[in-house]
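Heads up, data_9.cif below (mmCIF, C-alpha atoms):
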```cif
data_coords
#
loop_
_atom_site.label_atom_id
_atom_site.label_comp_id
_atom_site.auth_asym_id
_atom_site.auth_seq_id
_atom_site.Cartn_x
_atom_site.Cartn_y
_atom_site.Cartn_z
CA MET M 119 0.00 0.00 0.00
CA LEU M 120 1.25 3.45 -0.88
CA SER M 121 1.32 5.78 2.09
CA LEU M 122 2.26 9.44 2.35
CA LYS M 123 5.41 8.49 4.26
CA SER M 124 6.56 6.02 1.59
CA LEU M 125 5.74 8.55 -1.14
CA ARG M 126 7.87 11.18 0.62
CA GLY M 127 10.67 8.65 0.97
CA GLN M 128 10.55 7.82 -2.72
CA LEU M 129 10.44 11.51 -3.66
CA ALA M 130 13.43 12.24 -1.41
CA GLN M 131 15.29 9.37 -3.05
CA ILE M 132 14.50 10.62 -6.56
CA LEU M 133 15.49 14.18 -5.71
CA HIS M 134 18.60 13.03 -3.84
CA LEU M 135 17.75 15.29 -0.91
CA GLN M 136 20.23 13.44 1.30
CA GLU M 137 23.12 14.38 -1.00
CA SER M 138 25.86 16.76 -0.03
CA PRO M 139 25.59 20.35 -1.28
CA GLN M 140 28.77 19.76 -3.31
CA ARG M 141 27.25 16.86 -5.22
CA THR M 142 24.01 18.75 -5.92
CA ALA M 143 25.96 21.83 -7.06
CA PHE M 144 28.06 19.56 -9.29
CA ALA M 145 24.89 18.13 -10.86
CA PHE M 146 23.64 21.66 -11.56
CA ALA M 147 27.00 22.71 -13.03
CA LEU M 148 27.05 19.62 -15.25
CA GLY M 149 23.57 20.57 -16.43
CA VAL M 150 24.85 24.06 -17.31
CA PHE M 151 27.68 22.50 -19.29
CA ILE M 152 25.16 20.34 -21.15
CA ALA M 153 23.05 23.45 -21.86
CA PHE M 154 25.93 25.03 -23.78
CA ALA M 155 27.18 21.80 -25.34
CA PRO M 156 27.00 21.84 -29.15
CA HIS M 157 24.97 18.63 -29.51
CA TYR M 158 21.58 20.30 -29.94
CA GLY M 159 18.66 17.93 -29.93
CA PHE M 160 20.34 15.58 -27.46
CA HIS M 161 20.49 17.73 -24.32
CA THR M 162 17.61 15.97 -22.58
CA LEU M 163 19.06 12.56 -23.42
CA SER M 164 22.42 13.71 -22.05
CA VAL M 165 20.81 14.84 -18.81
CA VAL M 166 18.92 11.58 -18.37
CA PHE M 167 22.03 9.56 -19.15
CA CYS M 168 24.27 11.54 -16.76
CA ALA M 169 21.69 11.38 -13.98
CA TRP M 170 21.35 7.64 -14.43
CA ALA M 171 25.02 6.79 -15.03
CA PHE M 172 26.46 8.93 -12.23
CA ARG M 173 23.43 8.75 -9.90
CA LEU M 174 23.13 12.52 -9.84
CA ASN M 175 20.21 14.70 -8.84
CA TYR M 176 17.77 14.73 -11.78
CA VAL M 177 16.19 18.01 -10.78
CA ALA M 178 19.52 19.84 -10.41
CA LEU M 179 20.74 18.48 -13.75
CA PHE M 180 17.52 19.46 -15.54
CA LEU M 181 17.52 22.94 -13.97
CA GLY M 182 21.07 23.51 -15.18
CA ALA M 183 20.37 22.16 -18.65
CA PHE M 184 17.18 24.16 -19.07
CA ILE M 185 19.14 27.40 -18.99
CA ASN M 186 19.07 26.71 -22.71
CA ASN M 187 15.40 27.02 -23.58
CA PRO M 188 13.40 28.56 -26.44
CA TRP M 189 13.86 32.09 -25.03
CA THR M 190 17.62 31.79 -24.60
CA LEU M 191 18.40 29.62 -27.64
CA ALA M 192 19.18 32.42 -30.12
CA PRO M 193 21.51 34.37 -27.78
CA ILE M 194 23.30 31.18 -26.74
CA LEU M 195 23.76 30.05 -30.35
CA GLY M 196 25.06 33.47 -31.35
CA LEU M 197 27.42 33.71 -28.39
CA THR M 198 28.61 30.16 -29.00
CA LEU M 199 29.53 30.89 -32.60
CA LEU M 200 31.04 34.28 -31.72
CA THR M 201 33.20 32.70 -29.00
CA GLY M 202 34.33 29.92 -31.32
CA VAL M 203 35.17 32.30 -34.16
CA THR M 204 37.07 34.58 -31.76
CA VAL M 205 39.06 31.75 -30.20
CA SER M 206 39.81 29.95 -33.46
CA GLY M 207 40.60 33.14 -35.34
CA SER M 208 38.46 31.93 -38.21
CA THR M 209 37.64 34.60 -40.77
CA SER M 210 35.93 32.39 -43.36
CA THR M 211 32.70 32.39 -41.34
CA ALA M 212 31.93 36.05 -42.15
CA ALA M 213 30.70 35.15 -45.66
CA PHE M 214 27.59 33.26 -44.53
CA ASP M 215 24.51 34.05 -46.60
CA VAL M 216 21.22 32.60 -45.35
CA SER M 217 19.47 33.13 -48.68
CA SER M 218 21.94 30.80 -50.43
CA LEU M 219 21.33 27.99 -47.94
CA GLN M 220 19.70 25.06 -49.74
CA LEU M 221 19.35 21.39 -48.86
CA ASP M 222 21.82 20.33 -51.56
CA ASN M 223 24.57 22.73 -50.37
CA LEU M 224 23.90 22.46 -46.63
CA TYR M 225 27.08 20.53 -45.85
CA GLU M 226 29.37 22.84 -47.85
CA THR M 227 27.78 25.97 -46.39
CA LEU M 228 27.89 24.88 -42.75
CA THR M 229 31.26 23.07 -42.70
CA PRO M 230 33.34 26.22 -41.95
CA PHE M 231 31.15 26.85 -38.88
CA LEU M 232 31.36 23.39 -37.30
CA LEU M 233 34.74 23.68 -35.56
CA PRO M 234 34.16 27.24 -34.24
CA PHE M 235 30.68 26.24 -33.07
CA PHE M 236 31.98 23.14 -31.30
CA MET M 237 34.84 25.08 -29.69
CA GLY M 238 32.57 27.93 -28.62
CA GLY M 239 30.03 25.55 -27.09
CA CYS M 240 32.66 23.69 -25.11
CA ILE M 241 34.32 26.89 -23.89
CA LEU M 242 31.04 28.51 -22.86
CA GLY M 243 29.90 25.27 -21.24
CA LEU M 244 33.09 25.04 -19.21
CA VAL M 245 32.97 28.69 -18.17
CA GLY M 246 29.26 28.40 -17.32
CA ALA M 247 29.83 25.27 -15.25
CA LEU M 248 32.78 26.81 -13.41
CA LEU M 249 30.64 29.83 -12.55
CA ALA M 250 27.51 27.82 -11.73
CA TYR M 251 29.16 25.44 -9.25
CA PRO M 252 30.22 27.95 -6.57
CA ILE M 253 27.05 30.00 -6.98
CA MET M 254 24.81 26.96 -6.56
CA LEU M 255 26.95 25.60 -3.73
CA PHE M 256 26.59 28.88 -1.86
CA CYS M 257 22.81 28.97 -2.46
CA ILE M 258 22.33 25.37 -1.28
CA GLN M 259 24.45 25.91 1.82
CA GLN M 260 22.59 29.11 2.68
CA TYR M 261 19.23 27.42 2.17
CA ARG M 262 20.16 24.43 4.30
CA SER M 263 21.59 26.59 7.08
CA THR M 264 18.47 28.78 7.25
CA LYS M 265 16.26 25.69 7.10
CA SER M 266 18.19 24.02 9.94
CA GLN M 267 17.94 27.20 12.05
CA LYS M 268 14.16 27.29 11.62
CA THR M 269 13.70 23.61 12.55
CA PRO M 270 14.01 22.96 16.30
#
```

Could you write out this file's structure as structure tokens?
Amino acid sequence: MLSLKSLRGQLAQILHLQESPQRTAFAFALGVFIAFAPHYGFHTLSVVFCAWAFRLNYVALFLGAFINNPWTLAPILGLTLLTGVTVSGSTSTAAFDVSSLQLDNLYETLTPFLLPFFMGGCILGLVGALLAYPIMLFCIQQYRSTKSQKTP
């Protein structure tokens, strides 16, 4: 029989509420890295796989990964490509013309952008994760300390 107590226990297990703040902050930071990773279309699968394979907090991973959402997609894509072009020093990417993009020339048109896009995504993902970890760790520790002070 399913009771409220067993339901809470299962929910706590799914959310990994017994985890250390460091592990939860790591899960969030990994989610942020996945959000900037250049494998668009596979972010949710990456989150599910990482949560399952490393037994990480699903909610923290999803929250980090959903920084990349329909409202932030265009700025993230632009910043990813700009970062990659800047780091790689590529100048051939300036000649992109959207009107000439056809299905038969898709590969030739997008090939010069692949390496800068990949590099930019990895760099932004790493920077985002390195920034997200201490911020989330601080927030979790503050939340847990205020929660423990309120509970007698």

Self-check item: Spatial neighbours of Arg141 (chain M), max dist 12 Å, all atoms listed in the file, sep filter under 5 positions, as a ChimeraX atom specification
Solution: /M:134-136,146-148,169,172-176,178-179,251-252,254-255,258-259

Practice problem: Would you mind telling me which residue in M:Ile194, M:Leu163, M:Trp170, M:Glu137 lies nearest to Gly243 (chain M) when using all atoms listed in the file? | Solution: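 Residue with the minimum atom-to-atom distance to Gly243 (chain M): M:Ile194.
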
Quiz item: Which polymer residues have any atom within 12 Å of an atom of Ala250 (chain M), counting all atoms listed in the file, with same-chain residues fewer than 6 positions away left out, as a list in words?
Solution: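 The residues satisfying every condition are Gln140, Thr142, Ala143, Phe144, Ala145, Phe146, Ala147, Leu148, Gly149, Val150, Phe151, Ala153, Ala178, Leu179, Leu181, Gly182, Ala183, Ile185, Leu242, Gly243, Leu244, Phe256, Cys257 and Ile258 of chain M.
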
Quiz item: CA of Pro139 (chain M) and CA of Gln267 (chain M) are how many Å apart?
Solution: 16.8 Å

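Coordinates place CA of Cys240 (chain M) at a distance of 14.6 Å from CA of Ser164 (chain M).
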
Set up a box along x, y and z of the file covering all listed atoms of region 145-154 of chain M, add 6 Å on every one of the six sides, and write the centre and edge lengths in Å to one decimal, as lines of an AutoDock Vina configuration file.
```
center_x = 25.4
center_y = 21.6
center_z = -17.3
size_x = 16.6
size_y = 18.9
size_z = 24.9
```

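For the set M:Tyr225, M:Phe235, M:Phe167, M:Phe184, the residue with the smallest atom-to-atom gap to Leu200 (chain M) is M:Phe235, counting all atoms listed in the file.
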
Self-check item: Using only C-alpha atoms: which of M:Phe154, M:Val165, M:Ser217, M:Ser208 has the shortest distance to Thr190 (chain M)
Solution: M:Phe154

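Proximity to Leu232 (chain M) was assessed for M:Gln220, M:Asn187, M:Thr198, M:Ser263 counting all atoms listed in the file; the smallest distance is recorded for M:Thr198.
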
Practice problem: Find the distance between CA of Ala192 (chain M) and CA of Phe160 (chain M) and write it in Å to one decimal. | Solution: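 Going from CA of Ala192 (chain M) over to CA of Phe160 (chain M) covers 17.1 Å.
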